[in-house]
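> Contents of structure-v9.cif (mmCIF, C-alpha atoms) are below:
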data_protein
loop_
_atom_site.label_atom_id
_atom_site.label_comp_id
_atom_site.auth_asym_id
_atom_site.auth_seq_id
_atom_site.Cartn_x
_atom_site.Cartn_y
_atom_site.Cartn_z
CA MET A 26 -70.51 70.51 133.63
CA ALA A 27 -70.27 68.39 136.77
CA ARG A 28 -68.96 64.91 136.29
CA LYS A 29 -71.67 62.30 136.76
CA LYS A 30 -71.30 58.91 138.32
CA GLU A 31 -71.22 56.39 135.48
CA GLU A 32 -74.43 54.39 135.32
CA GLU A 33 -73.97 50.66 135.55
CA LYS A 34 -75.00 49.14 132.24
CA LEU A 35 -77.32 46.17 132.10
CA ASN A 36 -75.74 43.17 130.37
CA TYR A 37 -78.90 41.90 128.72
CA ASN A 38 -77.42 38.70 127.28
CA ALA A 39 -75.82 37.85 130.62
CA GLU A 40 -79.18 38.28 132.35
CA LEU A 41 -80.83 35.92 129.86
CA ARG A 42 -78.11 33.32 130.48
CA ARG A 43 -78.57 33.71 134.23
CA LEU A 44 -82.31 33.18 133.89
CA LYS A 45 -81.96 30.04 131.78
CA GLN A 46 -79.14 28.53 133.85
CA GLN A 47 -80.29 29.40 137.36
CA GLY A 48 -84.03 29.59 136.84
CA PRO A 49 -86.45 32.35 137.87
CA GLU A 50 -86.38 34.17 141.16
CA ARG A 51 -89.46 34.90 143.22
CA LEU A 52 -89.52 38.68 142.84
CA TYR A 53 -88.53 41.06 140.04
CA LEU A 54 -88.60 44.81 139.47
CA LEU A 55 -88.35 45.54 135.73
CA TRP A 56 -88.08 49.18 134.66
CA GLY A 57 -86.10 51.68 132.59
CA PRO A 58 -86.36 53.59 129.30
CA GLU A 59 -85.57 50.67 126.95
CA ASP A 60 -89.06 49.18 126.88
CA TYR A 61 -88.32 46.87 123.94
CA LEU A 62 -85.65 44.95 125.87
CA ARG A 63 -87.83 45.00 128.98
CA GLU A 64 -90.69 43.33 127.13
CA GLN A 65 -88.35 40.82 125.49
CA TYR A 66 -86.96 39.84 128.89
CA LEU A 67 -90.46 39.60 130.35
CA GLN A 68 -91.47 37.16 127.61
CA GLN A 69 -88.41 35.02 128.34
CA LEU A 70 -89.21 35.11 132.05
CA LYS A 71 -92.79 34.02 131.39
CA ALA A 72 -91.59 31.22 129.11
CA VAL A 73 -89.31 29.85 131.84
CA CYS A 74 -92.01 30.10 134.52
CA LEU A 75 -94.89 28.90 132.33
CA PRO A 76 -93.43 26.66 129.59
CA GLU A 77 -96.91 25.46 128.63
CA GLY A 78 -98.10 29.04 128.17
CA GLU A 79 -100.40 31.40 130.07
CA ASP A 80 -103.67 30.17 131.54
CA SER A 81 -106.18 31.57 134.00
CA PHE A 82 -104.95 29.29 136.81
CA SER A 83 -101.19 29.87 136.71
CA TYR A 84 -100.98 33.39 135.26
CA LYS A 85 -102.41 36.49 136.91
CA ARG A 86 -102.07 40.09 135.71
CA MET A 87 -102.85 43.23 137.70
CA ASP A 88 -102.77 46.77 136.34
CA GLY A 89 -101.91 49.88 138.35
CA PRO A 90 -101.54 52.54 139.44
CA GLU A 91 -103.46 51.18 142.45
CA LEU A 92 -102.89 47.63 143.66
CA ASP A 93 -105.55 45.56 145.39
CA TYR A 94 -103.96 43.89 148.41
CA ASN A 95 -106.50 41.05 148.67
CA GLU A 96 -106.23 40.29 144.95
CA LEU A 97 -102.46 40.09 145.28
CA GLN A 98 -102.71 37.87 148.35
CA ASN A 99 -105.06 35.47 146.52
CA ALA A 100 -102.73 35.38 143.49
CA LEU A 101 -99.75 34.47 145.66
CA ASP A 102 -101.69 31.79 147.52
CA ALA A 103 -102.97 30.11 144.33
CA MET A 104 -101.31 26.74 143.78
CA PRO A 105 -99.96 25.82 140.33
CA PHE A 106 -102.32 23.72 138.19
CA MET A 107 -100.85 21.47 135.49
CA THR A 108 -97.56 23.35 135.74
CA GLU A 109 -94.72 23.79 138.25
CA ARG A 110 -95.01 27.55 138.84
CA THR A 111 -97.39 30.46 138.96
CA PHE A 112 -96.59 33.86 137.52
CA VAL A 113 -97.99 37.19 138.74
CA GLU A 114 -97.45 40.21 136.47
CA ILE A 115 -98.08 43.63 138.02
CA ARG A 116 -98.14 46.48 135.48
CA ASP A 117 -97.50 50.15 136.28
CA ALA A 118 -98.30 50.02 139.98
CA ASP A 119 -97.25 53.36 141.48
CA LEU A 120 -94.77 51.97 143.98
CA ASN A 121 -93.96 55.48 145.21
CA LYS A 122 -97.54 56.18 146.32
CA LEU A 123 -99.19 52.88 147.30
CA LYS A 124 -101.18 53.22 150.50
CA GLU A 125 -100.12 51.11 153.50
CA PRO A 126 -96.82 49.98 151.93
CA GLU A 127 -95.99 47.91 155.02
CA LYS A 128 -98.75 45.46 154.07
CA TYR A 129 -97.18 44.89 150.65
CA ILE A 130 -93.70 44.64 152.10
CA LYS A 131 -94.88 41.87 154.41
CA ILE A 132 -96.66 39.83 151.75
CA LEU A 133 -93.85 40.21 149.20
CA SER A 134 -91.26 39.05 151.74
CA ASP A 135 -93.00 35.67 151.92
CA ILE A 136 -93.66 34.70 148.28
CA PRO A 137 -94.05 30.91 147.92
CA ASP A 138 -91.24 28.99 146.23
CA TYR A 139 -93.55 28.05 143.35
CA CYS A 140 -94.47 31.67 142.53
CA THR A 141 -92.73 34.48 140.62
CA VAL A 142 -93.94 38.08 140.92
CA ALA A 143 -92.79 40.68 138.38
CA PHE A 144 -93.40 44.40 138.82
CA VAL A 145 -93.22 45.86 135.31
CA GLN A 146 -92.98 49.66 135.02
CA SER A 147 -93.46 51.90 131.99
CA ALA A 148 -90.48 53.56 130.28
CA GLN A 149 -91.24 56.94 131.89
CA TYR A 150 -91.49 55.62 135.44
CA GLU A 151 -88.65 55.75 137.95
CA PRO A 152 -89.02 54.11 141.36
CA ASP A 153 -88.13 56.37 144.28
CA GLY A 154 -85.32 54.67 146.17
CA ARG A 155 -86.26 56.53 149.35
CA MET A 156 -89.59 54.70 149.65
CA LYS A 157 -89.72 51.68 151.98
CA LEU A 158 -91.56 49.52 149.45
CA VAL A 159 -89.00 50.24 146.72
CA LYS A 160 -86.15 49.51 149.14
CA SER A 161 -87.81 46.23 150.02
CA LEU A 162 -88.25 45.23 146.37
CA ARG A 163 -84.62 46.03 145.64
CA SER A 164 -83.26 44.13 148.62
CA GLY A 165 -85.60 41.13 148.38
CA GLY A 166 -85.85 40.70 144.61
CA ARG A 167 -83.95 41.15 141.37
CA GLU A 168 -84.02 44.67 139.99
CA LEU A 169 -83.28 45.10 136.29
CA LYS A 170 -83.08 48.59 134.83
CA PHE A 171 -83.31 48.37 131.05
CA THR A 172 -81.12 51.14 129.68
CA GLN A 173 -80.17 51.84 126.08
CA ALA A 174 -78.21 48.99 124.53
CA SER A 175 -74.45 49.25 124.11
CA GLN A 176 -73.12 50.29 120.71
CA GLY A 177 -72.13 46.79 119.64
CA LEU A 178 -75.40 45.18 120.71
CA LEU A 179 -77.48 47.92 119.10
CA ILE A 180 -75.62 47.82 115.77
CA ASP A 181 -75.87 44.01 115.65
CA TRP A 182 -79.60 44.24 116.39
CA ILE A 183 -80.14 46.83 113.63
CA ILE A 184 -78.28 44.60 111.16
CA ARG A 185 -80.52 41.65 112.09
CA ARG A 186 -83.71 43.77 111.79
CA PHE A 187 -82.72 44.92 108.31
CA ALA A 188 -81.75 41.34 107.36
CA ALA A 189 -85.21 40.18 108.39
CA ALA A 190 -86.58 42.75 105.94
CA GLY A 191 -84.32 41.40 103.19
CA LYS A 192 -81.77 44.21 103.34
CA GLY A 193 -78.14 44.64 104.28
CA VAL A 194 -77.05 47.91 105.87
CA GLU A 195 -73.81 49.87 105.73
CA LEU A 196 -72.17 50.65 109.08
CA ASP A 197 -72.29 54.40 108.56
CA ALA A 198 -76.00 54.13 107.69
CA ALA A 199 -76.72 52.17 110.88
CA GLN A 200 -74.81 54.70 112.97
CA ARG A 201 -76.59 57.63 111.30
CA LEU A 202 -79.95 55.99 112.01
CA ILE A 203 -79.08 55.75 115.71
CA PHE A 204 -77.86 59.35 115.70
CA ILE A 205 -80.90 60.94 114.03
CA SER A 206 -83.68 58.69 115.38
CA GLY A 207 -82.36 57.89 118.86
CA ASP A 208 -81.01 54.74 120.48
CA LEU A 209 -84.21 53.25 121.90
CA MET A 210 -85.13 50.04 120.09
CA SER A 211 -88.88 50.65 120.25
CA ARG A 212 -88.33 53.99 118.46
CA LEU A 213 -85.99 52.44 115.90
CA ILE A 214 -88.25 49.57 114.82
CA PRO A 215 -90.69 51.70 112.73
CA GLU A 216 -87.76 53.68 111.30
CA ILE A 217 -86.00 50.47 110.20
CA GLU A 218 -89.21 49.26 108.56
CA LYS A 219 -89.66 52.60 106.78
CA VAL A 220 -86.06 52.80 105.55
CA ALA A 221 -86.06 49.15 104.41
CA ALA A 222 -89.23 49.74 102.39
CA TYR A 223 -87.75 52.88 100.82
CA ALA A 224 -84.30 51.52 99.90
CA LYS A 225 -84.14 50.40 96.28
CA GLY A 226 -80.96 48.32 96.45
CA ASP A 227 -80.05 45.23 98.46
CA LYS A 228 -78.11 47.34 100.96
CA VAL A 229 -79.40 50.34 102.91
CA THR A 230 -77.19 53.39 102.42
CA LEU A 231 -76.57 56.61 104.30
CA ALA A 232 -78.70 58.43 101.70
CA ASP A 233 -81.64 56.06 102.33
CA VAL A 234 -81.54 56.77 106.06
CA GLU A 235 -81.19 60.50 105.54
CA ALA A 236 -84.12 60.55 103.13
CA VAL A 237 -86.87 58.98 105.22
CA ALA A 238 -85.81 58.33 108.84
CA ASN A 239 -87.34 60.59 111.46
CA HIS A 240 -84.95 63.22 112.83
CA ILE A 241 -85.42 63.79 116.56
CA PRO A 242 -84.99 67.46 117.59
CA GLU A 243 -81.83 66.70 119.61
CA ALA A 244 -80.14 65.37 116.46
CA VAL A 245 -81.21 68.42 114.44
CA ILE A 246 -79.79 70.75 117.11
CA PHE A 247 -76.54 68.75 117.02
CA ASP A 248 -76.36 69.12 113.23
CA MET A 249 -76.97 72.87 113.55
CA THR A 250 -74.19 73.42 116.09
CA ASP A 251 -71.90 71.15 114.07
CA CYS A 252 -72.46 73.41 111.04
CA ILE A 253 -71.55 76.41 113.21
CA SER A 254 -68.35 74.65 114.31
CA GLN A 255 -67.48 74.14 110.62
CA LYS A 256 -68.38 77.78 109.86
CA LYS A 257 -71.21 76.67 107.57
CA TYR A 258 -73.38 79.47 108.89
CA ASN A 259 -75.92 79.53 106.05
CA ILE A 260 -76.70 75.85 106.53
CA ALA A 261 -76.94 76.30 110.31
CA LEU A 262 -79.41 79.16 109.90
CA SER A 263 -81.41 77.14 107.37
CA ILE A 264 -81.69 74.31 109.92
CA LEU A 265 -82.81 76.81 112.57
CA ALA A 266 -85.41 78.26 110.19
CA GLU A 267 -86.84 74.76 109.58
CA LEU A 268 -87.02 74.13 113.32
CA LEU A 269 -88.81 77.42 113.93
CA ALA A 270 -91.20 76.82 111.03
CA ASP A 271 -92.48 73.65 112.70
CA LYS A 272 -95.23 74.77 115.09
CA ASN A 273 -94.67 71.63 117.17
CA ASN A 274 -91.23 72.94 118.18
CA GLU A 275 -91.64 75.32 121.09
CA PRO A 276 -88.75 77.77 121.69
CA ILE A 277 -88.21 76.98 125.39
CA PRO A 278 -87.64 73.21 124.90
CA MET A 279 -85.48 73.94 121.84
CA LEU A 280 -83.39 76.38 123.87
CA ALA A 281 -83.02 73.73 126.58
CA MET A 282 -81.72 71.27 123.96
CA LEU A 283 -79.36 73.92 122.58
CA GLY A 284 -78.06 74.68 126.08
CA LEU A 285 -77.50 70.98 126.75
CA GLN A 286 -75.66 70.61 123.46
CA MET A 287 -73.38 73.56 124.23
CA ARG A 288 -72.59 72.08 127.66
CA LYS A 289 -71.71 68.77 125.99
CA LEU A 290 -69.46 70.60 123.54
CA TYR A 291 -67.82 72.40 126.47
CA ALA A 292 -67.12 69.03 128.11
CA ALA A 293 -65.77 67.66 124.83
CA ARG A 294 -63.50 70.70 124.38
CA LEU A 295 -62.23 70.15 127.92
CA ALA A 296 -61.55 66.50 127.07
CA ILE A 297 -59.56 67.62 124.02
CA ASP A 298 -57.51 70.15 125.98
CA LYS A 299 -56.84 67.71 128.83
CA GLN A 300 -56.39 64.68 126.54
CA LEU A 301 -59.12 62.75 128.35
CA GLY A 302 -60.61 60.96 125.34
CA ALA A 303 -64.03 59.71 124.24
CA LYS A 304 -64.65 57.58 127.36
CA TYR A 305 -64.58 60.70 129.51
CA VAL A 306 -67.08 62.42 127.21
CA MET A 307 -69.39 59.40 127.28
CA GLU A 308 -69.35 59.32 131.07
CA VAL A 309 -69.78 63.05 131.68
CA CYS A 310 -72.39 63.58 128.97
CA SER A 311 -74.30 60.31 129.54
CA ILE A 312 -73.68 59.18 125.95
CA LYS A 313 -74.12 55.46 125.31
CA GLN A 314 -72.59 55.24 121.82
CA GLU A 315 -68.86 55.88 121.34
CA PHE A 316 -69.25 57.06 117.74
CA ILE A 317 -71.56 59.85 118.96
CA ALA A 318 -68.93 60.90 121.51
CA ASN A 319 -66.38 61.00 118.70
CA LYS A 320 -68.72 63.18 116.61
CA LEU A 321 -69.04 65.51 119.59
CA LEU A 322 -65.25 65.71 119.94
CA ALA A 323 -64.87 66.48 116.24
CA SER A 324 -67.47 69.23 116.49
CA ALA A 325 -65.88 70.71 119.63
CA ARG A 326 -62.63 71.24 117.77
CA GLY A 327 -64.37 73.98 115.80
CA PHE A 328 -64.91 76.05 118.96
CA THR A 329 -62.55 77.61 121.48
CA MET A 330 -63.06 77.11 125.19
CA PRO A 331 -63.98 80.80 125.76
CA GLN A 332 -66.51 80.56 122.91
CA LEU A 333 -68.20 77.54 124.48
CA LYS A 334 -68.16 79.08 127.95
CA ARG A 335 -69.91 82.15 126.56
CA ALA A 336 -72.34 79.98 124.56
CA VAL A 337 -73.42 78.20 127.75
CA GLU A 338 -73.90 81.60 129.41
CA LEU A 339 -75.92 82.90 126.45
CA CYS A 340 -78.30 79.92 126.66
CA ALA A 341 -78.77 80.43 130.41
CA GLU A 342 -79.42 84.15 129.92
CA ALA A 343 -81.93 83.48 127.14
CA ASP A 344 -83.72 80.88 129.26
CA TYR A 345 -84.12 83.43 132.06
CA GLN A 346 -85.45 86.04 129.64
CA MET A 347 -87.94 83.62 128.07
CA LYS A 348 -89.35 82.69 131.46
CA SER A 349 -89.39 86.12 133.05
CA SER A 350 -90.33 88.62 130.32
CA SER A 351 -92.71 89.15 127.41
CA VAL A 352 -89.93 88.95 124.82
CA ASP A 353 -90.66 87.06 121.56
CA ASP A 354 -89.28 83.60 122.38
CA ARG A 355 -88.62 82.65 118.75
CA GLU A 356 -86.72 85.84 118.05
CA LEU A 357 -84.69 85.38 121.24
CA LEU A 358 -83.78 81.83 120.25
CA LYS A 359 -82.70 83.06 116.82
CA GLU A 360 -80.63 85.85 118.39
CA THR A 361 -78.94 83.36 120.74
CA VAL A 362 -77.92 81.10 117.86
CA LEU A 363 -76.60 84.11 115.90
CA ARG A 364 -74.53 85.25 118.87
CA ILE A 365 -73.08 81.77 119.32
CA ALA A 366 -72.26 81.67 115.60
CA ALA A 367 -70.60 85.11 115.88
CA GLY A 368 -68.14 83.58 118.34
CA GLU A 369 -68.84 85.71 121.40
CA GLY A 370 -66.31 85.05 124.12
CA ASN A 371 -63.22 85.12 121.94
CA ALA A 372 -60.73 87.88 122.72
#
Can the structure in the file be given as structure tokens, please?


Amino acid sequence: MARKKEEEKLNYNAELRRLKQQGPERLYLLWGPEDYLREQYLQQLKAVCLPEGEDSFSYKRMDGPELDYNELQNALDAMPFMTERTFVEIRDADLNKLKEPEKYIKILSDIPDYCTVAFVQSAQYEPDGRMKLVKSLRSGGRELKFTQASQGLLIDWIIRRFAAAGKGVELDAAQRLIFISGDLMSRLIPEIEKVAAYAKGDKVTLADVEAVANHIPEAVIFDMTDCISQKKYNIALSILAELLADKNNEPIPMLAMLGLQMRKLYAARLAIDKQLGAKYVMEVCSIKQEFIANKLLASARGFTMPQLKRAVELCAEADYQMKSSSVDDRELLKETVLRIAAGEGNA
């Protein structure tokens, strides 16, 4: 696995302090997978720009993917009424494909001092840094990419969400919730509500989370390979059978997740052998939470390096077969897991 350049993390609380202390800037580009934090920041930005609230004079919203140049020009030219600033919110404009980008570059380079323009992109959207308009937004405005929260921030947030529902939560339960349901806040909110409603005691336990929280496929694959590492083959095969029984789980995406997991385990085994530690695993595998990196390291200890090398090869070979032949994809996935469990690659 090639080592990736570590992504710069957004310090959300620092950005809020900057906004409140220094005031709003004229141009923002807000994007990234953590849509909950993005929307929270947007509300704070609006509150600073429009302390009296939104009105038809000072607040304008435009929805993409197209963007009307004349409408934008009129919004920027509109003077504030009964407030100090105007705020223009542009949702899901396809910055990579807007026609005549030079026109937008020109108008956005001359935003009045009393106006703030915020381009707000959906969680799935990624601006293309090669495009002139995107380059202009990045150089002339403030770009905030809302990535998954750090471990400390996310755990503290989960504790507060459970407290609002009248429940405490054990640390291992909070960590398990992140592990099985993902680390995006918008995805965790309904799971927290569901677990809090289910828990009978004052404190949410690991068993409560395990009982009702949604398990994303990536977490189930992790649990399966972890069982293989511990030589709990019957449990691993039972997990695989449940995955295959769900008609929503297609073999090709599941194989891709299995291949990714085996590559992560390979990187973790390398970190063990070279004494590189959890930070290396987090960087190489793009893992945000240290406790997940530690789980990966613990699981990797159950495999040898030749085993993991062969496991990665087996996943690549199976992927090629699935995409180039008429073989039964479900049977091929099952065979791949069995061969990994058999420890192919060991002398």

> Find, counting all atoms listed in the file, the residue in A:Ile264, A:Met249, A:Leu213, A:Ala341 that gets nearest to Leu357 of chain A.

A:Ala341

> With 12 Å as the threshold, what does the neighbourhood of (-94.5, 42.7, 153.4) contain in terms of residues, counting only C-alpha atoms? Coordinates are those of the file; answer as a list of chain:residue names.

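I get A:Tyr94, A:Leu97, A:Gln98, A:Glu125, A:Pro126, A:Glu127, A:Lys128, A:Tyr129, A:Ile130, A:Lys131, A:Ile132, A:Leu133, A:Ser134, A:Asp135, A:Ile136, A:Lys157, A:Leu158, A:Val159, A:Lys160, A:Ser161, A:Leu162, A:Gly165 for the residues within 12 Å of that point.
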
> Restricting it to C-alpha atoms, dump the selection as a PDB file, keeping the file's coordinate frame.


ATOM      1  CA  TYR A  94    -103.960  43.890 148.410  1.00  0.00           C
ATOM      2  CA  LEU A  97    -102.460  40.090 145.280  1.00  0.00           C
ATOM      3  CA  GLN A  98    -102.710  37.870 148.350  1.00  0.00           C
ATOM      4  CA  GLU A 125    -100.120  51.110 153.500  1.00  0.00           C
ATOM      5  CA  PRO A 126     -96.820  49.980 151.930  1.00  0.00           C
ATOM      6  CA  GLU A 127     -95.990  47.910 155.020  1.00  0.00           C
ATOM      7  CA  LYS A 128     -98.750  45.460 154.070  1.00  0.00           C
ATOM      8  CA  TYR A 129     -97.180  44.890 150.650  1.00  0.00           C
ATOM      9  CA  ILE A 130     -93.700  44.640 152.100  1.00  0.00           C
ATOM     10  CA  LYS A 131     -94.880  41.870 154.410  1.00  0.00           C
ATOM     11  CA  ILE A 132     -96.660  39.830 151.750  1.00  0.00           C
ATOM     12  CA  LEU A 133     -93.850  40.210 149.200  1.00  0.00           C
ATOM     13  CA  SER A 134     -91.260  39.050 151.740  1.00  0.00           C
ATOM     14  CA  ASP A 135     -93.000  35.670 151.920  1.00  0.00           C
ATOM     15  CA  ILE A 136     -93.660  34.700 148.280  1.00  0.00           C
ATOM     16  CA  LYS A 157     -89.720  51.680 151.980  1.00  0.00           C
ATOM     17  CA  LEU A 158     -91.560  49.520 149.450  1.00  0.00           C
ATOM     18  CA  VAL A 159     -89.000  50.240 146.720  1.00  0.00           C
ATOM     19  CA  LYS A 160     -86.150  49.510 149.140  1.00  0.00           C
ATOM     20  CA  SER A 161     -87.810  46.230 150.020  1.00  0.00           C
ATOM     21  CA  LEU A 162     -88.250  45.230 146.370  1.00  0.00           C
ATOM     22  CA  GLY A 165     -85.600  41.130 148.380  1.00  0.00           C
TER      23      GLY A 165
END

> Env of Ile365 of chain A: 12 Å cut, atoms = all atoms listed in the file, seq-sep filter 4 positions within chain, self excluded. Answer as a PDB file with C-alpha atoms, in the coordinates of the input.


ATOM      1  CA  MET A 249     -76.970  72.870 113.550  1.00  0.00           C
ATOM      2  CA  THR A 250     -74.190  73.420 116.090  1.00  0.00           C
ATOM      3  CA  ASP A 251     -71.900  71.150 114.070  1.00  0.00           C
ATOM      4  CA  CYS A 252     -72.460  73.410 111.040  1.00  0.00           C
ATOM      5  CA  ILE A 253     -71.550  76.410 113.210  1.00  0.00           C
ATOM      6  CA  SER A 254     -68.350  74.650 114.310  1.00  0.00           C
ATOM      7  CA  LYS A 256     -68.380  77.780 109.860  1.00  0.00           C
ATOM      8  CA  TYR A 258     -73.380  79.470 108.890  1.00  0.00           C
ATOM      9  CA  ALA A 261     -76.940  76.300 110.310  1.00  0.00           C
ATOM     10  CA  LEU A 262     -79.410  79.160 109.900  1.00  0.00           C
ATOM     11  CA  LEU A 283     -79.360  73.920 122.580  1.00  0.00           C
ATOM     12  CA  GLY A 284     -78.060  74.680 126.080  1.00  0.00           C
ATOM     13  CA  MET A 287     -73.380  73.560 124.230  1.00  0.00           C
ATOM     14  CA  PHE A 328     -64.910  76.050 118.960  1.00  0.00           C
ATOM     15  CA  THR A 329     -62.550  77.610 121.480  1.00  0.00           C
ATOM     16  CA  PRO A 331     -63.980  80.800 125.760  1.00  0.00           C
ATOM     17  CA  GLN A 332     -66.510  80.560 122.910  1.00  0.00           C
ATOM     18  CA  LEU A 333     -68.200  77.540 124.480  1.00  0.00           C
ATOM     19  CA  LYS A 334     -68.160  79.080 127.950  1.00  0.00           C
ATOM     20  CA  ARG A 335     -69.910  82.150 126.560  1.00  0.00           C
ATOM     21  CA  ALA A 336     -72.340  79.980 124.560  1.00  0.00           C
ATOM     22  CA  VAL A 337     -73.420  78.200 127.750  1.00  0.00           C
ATOM     23  CA  GLU A 338     -73.900  81.600 129.410  1.00  0.00           C
ATOM     24  CA  LEU A 339     -75.920  82.900 126.450  1.00  0.00           C
ATOM     25  CA  CYS A 340     -78.300  79.920 126.660  1.00  0.00           C
ATOM     26  CA  ALA A 343     -81.930  83.480 127.140  1.00  0.00           C
ATOM     27  CA  LEU A 358     -83.780  81.830 120.250  1.00  0.00           C
ATOM     28  CA  LYS A 359     -82.700  83.060 116.820  1.00  0.00           C
ATOM     29  CA  GLU A 360     -80.630  85.850 118.390  1.00  0.00           C
ATOM     30  CA  THR A 361     -78.940  83.360 120.740  1.00  0.00           C
ATOM     31  CA  GLU A 369     -68.840  85.710 121.400  1.00  0.00           C
ATOM     32  CA  GLY A 370     -66.310  85.050 124.120  1.00  0.00           C
ATOM     33  CA  ASN A 371     -63.220  85.120 121.940  1.00  0.00           C
TER      34      ASN A 371
END

> Between atom CA of Glu315 of chain A and atom CA of Asp60 of chain A, measure the distance and give it in Å to one decimal.

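Atom CA of Asp60 of chain A lies at a distance of 22.0 Å from atom CA of Glu315 of chain A.
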
> With distances taken over only C-alpha atoms, which of A:Gly207, A:Gly193, A:Pro242, A:Gly89 is nearest to Val220 of chain A?

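Ranked by minimum distance to Val220 of chain A, first place goes to A:Gly193.
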
> Evaluated on this file, the PyMOL selection byres ((chain A and resi 289-294) around 12) picks out some residues - which ones are they, written as number ranges by chain?

A: 26-29, 247, 250-251, 254, 282-288, 295-312, 317-338

> Hey, can you spit out that residue selection with C-alpha atoms as a PDB file, in the frame of the given file?


ATOM      1  CA  MET A  26     -70.510  70.510 133.630  1.00  0.00           C
ATOM      2  CA  ALA A  27     -70.270  68.390 136.770  1.00  0.00           C
ATOM      3  CA  ARG A  28     -68.960  64.910 136.290  1.00  0.00           C
ATOM      4  CA  LYS A  29     -71.670  62.300 136.760  1.00  0.00           C
ATOM      5  CA  PHE A 247     -76.540  68.750 117.020  1.00  0.00           C
ATOM      6  CA  THR A 250     -74.190  73.420 116.090  1.00  0.00           C
ATOM      7  CA  ASP A 251     -71.900  71.150 114.070  1.00  0.00           C
ATOM      8  CA  SER A 254     -68.350  74.650 114.310  1.00  0.00           C
ATOM      9  CA  MET A 282     -81.720  71.270 123.960  1.00  0.00           C
ATOM     10  CA  LEU A 283     -79.360  73.920 122.580  1.00  0.00           C
ATOM     11  CA  GLY A 284     -78.060  74.680 126.080  1.00  0.00           C
ATOM     12  CA  LEU A 285     -77.500  70.980 126.750  1.00  0.00           C
ATOM     13  CA  GLN A 286     -75.660  70.610 123.460  1.00  0.00           C
ATOM     14  CA  MET A 287     -73.380  73.560 124.230  1.00  0.00           C
ATOM     15  CA  ARG A 288     -72.590  72.080 127.660  1.00  0.00           C
ATOM     16  CA  LEU A 295     -62.230  70.150 127.920  1.00  0.00           C
ATOM     17  CA  ALA A 296     -61.550  66.500 127.070  1.00  0.00           C
ATOM     18  CA  ILE A 297     -59.560  67.620 124.020  1.00  0.00           C
ATOM     19  CA  ASP A 298     -57.510  70.150 125.980  1.00  0.00           C
ATOM     20  CA  LYS A 299     -56.840  67.710 128.830  1.00  0.00           C
ATOM     21  CA  GLN A 300     -56.390  64.680 126.540  1.00  0.00           C
ATOM     22  CA  LEU A 301     -59.120  62.750 128.350  1.00  0.00           C
ATOM     23  CA  GLY A 302     -60.610  60.960 125.340  1.00  0.00           C
ATOM     24  CA  ALA A 303     -64.030  59.710 124.240  1.00  0.00           C
ATOM     25  CA  LYS A 304     -64.650  57.580 127.360  1.00  0.00           C
ATOM     26  CA  TYR A 305     -64.580  60.700 129.510  1.00  0.00           C
ATOM     27  CA  VAL A 306     -67.080  62.420 127.210  1.00  0.00           C
ATOM     28  CA  MET A 307     -69.390  59.400 127.280  1.00  0.00           C
ATOM     29  CA  GLU A 308     -69.350  59.320 131.070  1.00  0.00           C
ATOM     30  CA  VAL A 309     -69.780  63.050 131.680  1.00  0.00           C
ATOM     31  CA  CYS A 310     -72.390  63.580 128.970  1.00  0.00           C
ATOM     32  CA  SER A 311     -74.300  60.310 129.540  1.00  0.00           C
ATOM     33  CA  ILE A 312     -73.680  59.180 125.950  1.00  0.00           C
ATOM     34  CA  ILE A 317     -71.560  59.850 118.960  1.00  0.00           C
ATOM     35  CA  ALA A 318     -68.930  60.900 121.510  1.00  0.00           C
ATOM     36  CA  ASN A 319     -66.380  61.000 118.700  1.00  0.00           C
ATOM     37  CA  LYS A 320     -68.720  63.180 116.610  1.00  0.00           C
ATOM     38  CA  LEU A 321     -69.040  65.510 119.590  1.00  0.00           C
ATOM     39  CA  LEU A 322     -65.250  65.710 119.940  1.00  0.00           C
ATOM     40  CA  ALA A 323     -64.870  66.480 116.240  1.00  0.00           C
ATOM     41  CA  SER A 324     -67.470  69.230 116.490  1.00  0.00           C
ATOM     42  CA  ALA A 325     -65.880  70.710 119.630  1.00  0.00           C
ATOM     43  CA  ARG A 326     -62.630  71.240 117.770  1.00  0.00           C
ATOM     44  CA  GLY A 327     -64.370  73.980 115.800  1.00  0.00           C
ATOM     45  CA  PHE A 328     -64.910  76.050 118.960  1.00  0.00           C
ATOM     46  CA  THR A 329     -62.550  77.610 121.480  1.00  0.00           C
ATOM     47  CA  MET A 330     -63.060  77.110 125.190  1.00  0.00           C
ATOM     48  CA  PRO A 331     -63.980  80.800 125.760  1.00  0.00           C
ATOM     49  CA  GLN A 332     -66.510  80.560 122.910  1.00  0.00           C
ATOM     50  CA  LEU A 333     -68.200  77.540 124.480  1.00  0.00           C
ATOM     51  CA  LYS A 334     -68.160  79.080 127.950  1.00  0.00           C
ATOM     52  CA  ARG A 335     -69.910  82.150 126.560  1.00  0.00           C
ATOM     53  CA  ALA A 336     -72.340  79.980 124.560  1.00  0.00           C
ATOM     54  CA  VAL A 337     -73.420  78.200 127.750  1.00  0.00           C
ATOM     55  CA  GLU A 338     -73.900  81.600 129.410  1.00  0.00           C
TER      56      GLU A 338
END

> Compare A:Arg63, A:Lys313, A:Lys85, A:Arg186 by their minimum atom-to-atom distance to Ile217 of chain A, counting all atoms listed in the file, and give me the closest one.

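Between A:Arg63, A:Lys313, A:Lys85, A:Arg186, the residue approaching Ile217 of chain A most closely is A:Arg186.
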
> From the options A:Leu209, A:Ala143, A:Ala238, A:Asp354, which residue's atoms come nearest to Leu269 of chain A, counting all atoms listed in the file?

A:Asp354

> So how far away is atom CA of Gln255 of chain A from atom CA of Ser206 of chain A, in Å?

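It comes out at 22.9 Å.
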
> Skipping near chain neighbours, those fewer than 5 positions away, what residues fall within 7 Å of Asp117 of chain A using all atoms listed in the file, listed as number ranges by chain?

A: 88-90, 145-147
